[in-house]
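Participant: Please read through the structure below; I'll follow up with questions.
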Amino acid sequence: MEIKRTHLAAEITPKIEGSEVVLLGWLHEKRDLGGLRFLLLRDRSGLVQVVANKKTAQPDLWEALSSIKRESVLALGGVVKSSPQAPRGVEVRVKWVKPLISSEDPPIDIVGKTQADLDTRLDYRIIDLRRSEPQAIFKLQNTITSAIRSFLYDNGFIEVFTPKIISTATEGGASLFSVFYYDRLAYLSQSPQLYKEALTSAFERVFEIGPAFRAEESDTLRHLSEITMVDVEGAFMDYNDVMGLLDGLIKKIIMNVNQNNADELKALGRDKFTINFPLPRITYDQVTSILDEKGISYEKEGDLGTVELKALSEELKGFYFITDWPTKARPFYAMPIKGKEDRCESFDLMYGWIELASGATRINDESILRTRMTSQGLNPDAFKTHLKWFKYGMPPHAGFGLGLARLLMAVSGKDNIREVVMFPRDKRRLEP
RNA sequence: GCCACGGUGGUGUAGCCCGGUCUAGCAUGGGGGCCUGUCACGCCCUUGACCCGAGUUCAAAUCCCGGCCGUGGCGCCA
């Protein structure tokens, strides 16, 4: 590009008064007072006010300032001037403007005078993402993913990438999307579970931040057909170690968000987080006695439904663990507790009534694994590829899968997962 | 998938119950005009809409049926 930017909008401060600057960005808003024209220019750093005076401006500049449409991309040059009336006490007195490309009138309001419905915003998502609130949400997401990576690197984990096109159901059970794979039928992976477990025998500690696909009927505020999972698995760890790891991980995330995202939290109307660690842990059996006390009915030895979890969250706010779930309510690879085999070394990380993560100590003995598959109604023959790794020194291991968007809901305070996923996929929505 | 509710200009809404007064109101946006310190700038003019299909009726945005789409709740969700 022949025009070089000298400053970002946020770098225009009263301190550099008098400097000649070149800015690149989008025309966010304009106000025409007759003899004065104000523009708000937006770039990745934020907004800055640009002003022109009819008396001093060249006629073609003056004309250009009123004819450029909102959301057009432009370059402009001018002089920084501090001014008590200007936003942030500073503005740019424009000397020239060069429209780079023009924009049609934006279909939804970016400035915030009329709030479009979420469904409409998603139809125009790229435009919606220029608004301050979605910007704040995805900047929080960036803090979260970078905190996750640095925390796990520091703890000896390496990042891996497992295939998303697979030949058979990874675990039976939930519905998979099928795809044409040359002359065969294949499926989209619903979880890297089996790969990450096997990888502990090669790298000990692995993690993956990647997509998972679920062809479920789910039509709720917290389910999507395509999600990003943070999957972590470590050799020579049990579920207590993994919960400790999650404690550290959440702590690091919260610290970084508090440190780096004050503006974003403000934009979302959120306070800084004050959370005590370690996070509370409560067993499944303690949960059911609370439900008994509250007179809430639940399926004995079963998973907890929405009504049950909402009732529980009246007692337990924020982040907490539910541990020691019934073995029959968990997947086949969860390790039963020795001497108490109807409970397993498993946990869910909760935020209020929303499940964020789910983890367990895994079974690393092939024969026990086969027995568990059979008792869960699965055919071990269908898992031949997976079971073969267990013949060659599969270490004791444990891990968890964390829903990135669910965590982001908790951090951003949004109650619809579609708000915190850039391009959500649900039962109906396949675009944009 | 089930239940409830909804679908009005680009966006957000009023009107619907109680059919005619709707030639569909308001805000925001778009176009035009006036305006020298705006920051939701102000003022004036203007533009633009009843989801689709079938039905009841002299008459349907309004009532009935179906479809599609949406919102919320639940279920499903290793």
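Simple scheme: letters A, B, ... for chains in structure tokens order, numbers from 1 for residues in each chain, numbers from 1 for ligands in the order shown.
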Select, as a list in words, those residues of chain A with any atom no more than 7 Å from chain B (distances computed using only C-alpha atoms (C1' of nucleotides)).

Facilitator: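 Written out as asked, the residues are Arg31, Leu33, Gly34, Gly35, Leu36, Gln85, Pro87, Pro107, Ile108, Asp109, Lys113, Thr114, Gln115, Ala116, Glu171, Gly173, Glu216, Glu217, Ser218, Arg330 and Pro331 of chain A.
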
Participant: Residues at most 6 Å from region 358-372 of chain A, counting only C-alpha atoms (C1' of nucleotides), excluding those fewer than 2 positions away in the same chain, as a list of chain:residue names?

Facilitator: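 Counting only the stated atoms, we get A:Asp238, A:Tyr239, A:Phe332, A:Tyr333, A:Ala334, A:Met335, A:Glu345, A:Ser346, A:Phe347, A:Asp348, A:Thr374, A:Ser375, A:Pro380, A:Phe390, A:Met394, A:Pro396, A:His397, A:Ala398, A:Gly399, A:Phe400, A:Gly401.
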
Participant: Counting only C-alpha atoms (C1' of nucleotides), what is within 10 Å of Arg70 (chain A), bar same-chain residues fewer than 6 positions away, as a list in words?

Facilitator: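 Listing them by chain and then by number gives Trp26, Leu27, His28, Glu29, Lys30, Leu39, Leu40, Leu41, Ser102, Ser103, Glu104, Asp105, Pro106 and Ile110 of chain A.
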
Participant: Output all heavy atoms for every residue in the selection just made, as a short mmCIF file (atom, residue, chain, number, x, y, z; two decimals), in the first residue's frame.

Facilitator:
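The file below, out.cif, is the result:
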data_model
loop_
_atom_site.label_atom_id
_atom_site.label_comp_id
_atom_site.auth_asym_id
_atom_site.auth_seq_id
_atom_site.Cartn_x
_atom_site.Cartn_y
_atom_site.Cartn_z
N TRP A 26 -12.09 2.88 9.21
CA TRP A 26 -13.46 2.91 8.72
C TRP A 26 -14.16 4.16 9.23
O TRP A 26 -13.91 4.60 10.36
CB TRP A 26 -14.24 1.70 9.23
CG TRP A 26 -13.85 0.42 8.58
CD1 TRP A 26 -14.51 -0.23 7.58
CD2 TRP A 26 -12.70 -0.38 8.88
NE1 TRP A 26 -13.83 -1.38 7.23
CE2 TRP A 26 -12.72 -1.49 8.01
CE3 TRP A 26 -11.64 -0.26 9.78
CZ2 TRP A 26 -11.75 -2.48 8.02
CZ3 TRP A 26 -10.66 -1.25 9.80
CH2 TRP A 26 -10.72 -2.34 8.93
N LEU A 27 -15.05 4.71 8.42
CA LEU A 27 -15.84 5.85 8.87
C LEU A 27 -16.97 5.33 9.75
O LEU A 27 -17.91 4.69 9.28
CB LEU A 27 -16.42 6.61 7.67
CG LEU A 27 -17.30 7.79 8.04
CD1 LEU A 27 -16.55 8.78 8.94
CD2 LEU A 27 -17.81 8.50 6.80
N HIS A 28 -16.85 5.59 11.04
CA HIS A 28 -17.78 5.04 12.02
C HIS A 28 -19.06 5.87 12.09
O HIS A 28 -20.15 5.35 12.09
CB HIS A 28 -17.08 5.03 13.39
CG HIS A 28 -17.84 4.34 14.47
ND1 HIS A 28 -18.06 2.99 14.47
CD2 HIS A 28 -18.44 4.82 15.59
CE1 HIS A 28 -18.76 2.65 15.56
NE2 HIS A 28 -19.01 3.74 16.25
N GLU A 29 -18.89 7.18 12.09
CA GLU A 29 -20.03 8.07 12.28
C GLU A 29 -19.62 9.46 11.80
O GLU A 29 -18.44 9.78 11.80
CB GLU A 29 -20.36 8.13 13.79
CG GLU A 29 -21.82 8.36 14.09
CD GLU A 29 -22.09 8.41 15.59
OE1 GLU A 29 -21.22 8.04 16.38
OE2 GLU A 29 -23.19 8.84 15.96
N LYS A 30 -20.61 10.26 11.38
CA LYS A 30 -20.26 11.64 11.06
C LYS A 30 -21.36 12.58 11.53
O LYS A 30 -22.52 12.22 11.61
CB LYS A 30 -20.00 11.81 9.56
CG LYS A 30 -21.07 11.25 8.66
CD LYS A 30 -20.70 11.42 7.18
CE LYS A 30 -21.76 10.81 6.29
NZ LYS A 30 -21.47 10.99 4.85
N LEU A 39 -15.93 13.71 11.96
CA LEU A 39 -15.96 12.29 11.58
C LEU A 39 -15.42 11.50 12.76
O LEU A 39 -14.50 11.95 13.46
CB LEU A 39 -15.06 12.01 10.39
CG LEU A 39 -15.23 12.78 9.09
CD1 LEU A 39 -14.31 12.18 8.03
CD2 LEU A 39 -16.67 12.73 8.62
N LEU A 40 -15.97 10.31 12.97
CA LEU A 40 -15.33 9.37 13.89
C LEU A 40 -14.71 8.28 13.05
O LEU A 40 -15.41 7.60 12.29
CB LEU A 40 -16.34 8.79 14.88
CG LEU A 40 -16.78 9.72 16.01
CD1 LEU A 40 -17.86 9.05 16.85
CD2 LEU A 40 -15.61 10.11 16.88
N LEU A 41 -13.40 8.13 13.17
CA LEU A 41 -12.68 7.11 12.43
C LEU A 41 -12.41 5.94 13.37
O LEU A 41 -11.97 6.13 14.51
CB LEU A 41 -11.36 7.65 11.90
CG LEU A 41 -10.63 6.69 10.96
CD1 LEU A 41 -11.24 6.74 9.57
CD2 LEU A 41 -9.14 7.01 10.90
N SER A 102 -15.67 2.40 -0.95
CA SER A 102 -16.89 2.92 -0.32
C SER A 102 -17.74 1.77 0.20
O SER A 102 -17.56 0.63 -0.19
CB SER A 102 -17.68 3.74 -1.32
OG SER A 102 -18.16 2.90 -2.34
N SER A 103 -18.63 2.10 1.10
CA SER A 103 -19.51 1.10 1.70
C SER A 103 -20.95 1.46 1.40
O SER A 103 -21.31 2.63 1.33
CB SER A 103 -19.31 1.07 3.22
OG SER A 103 -20.29 0.26 3.83
N GLU A 104 -21.78 0.43 1.23
CA GLU A 104 -23.21 0.68 1.23
C GLU A 104 -23.63 0.99 2.66
O GLU A 104 -22.89 0.73 3.60
CB GLU A 104 -23.96 -0.56 0.72
CG GLU A 104 -23.70 -0.81 -0.75
CD GLU A 104 -24.55 -1.97 -1.30
OE1 GLU A 104 -25.52 -2.37 -0.63
OE2 GLU A 104 -24.20 -2.46 -2.38
N ASP A 105 -24.85 1.49 2.83
CA ASP A 105 -25.33 1.76 4.18
C ASP A 105 -25.38 0.46 4.96
O ASP A 105 -25.94 -0.53 4.48
CB ASP A 105 -26.74 2.37 4.13
CG ASP A 105 -26.72 3.72 3.43
OD1 ASP A 105 -25.82 4.51 3.72
OD2 ASP A 105 -27.60 3.96 2.58
N PRO A 106 -24.79 0.44 6.14
CA PRO A 106 -24.78 -0.82 6.90
C PRO A 106 -26.20 -1.26 7.28
O PRO A 106 -27.03 -0.42 7.64
CB PRO A 106 -23.95 -0.48 8.15
CG PRO A 106 -23.84 1.00 8.19
CD PRO A 106 -24.05 1.50 6.81
N ILE A 110 -24.39 0.07 13.90
CA ILE A 110 -23.13 -0.25 14.56
C ILE A 110 -22.91 0.68 15.75
O ILE A 110 -22.23 0.35 16.71
CB ILE A 110 -21.97 -0.10 13.55
CG1 ILE A 110 -22.12 -1.16 12.46
CG2 ILE A 110 -20.62 -0.22 14.23
CD1 ILE A 110 -21.16 -1.01 11.33
#

Participant: Return as a ChimeraX atom specification the full set of residues in region 72-130 of chain A whose backbone-based DSSP assignment is alpha helix (DSSP H).

Facilitator: /A:118-123,125-128
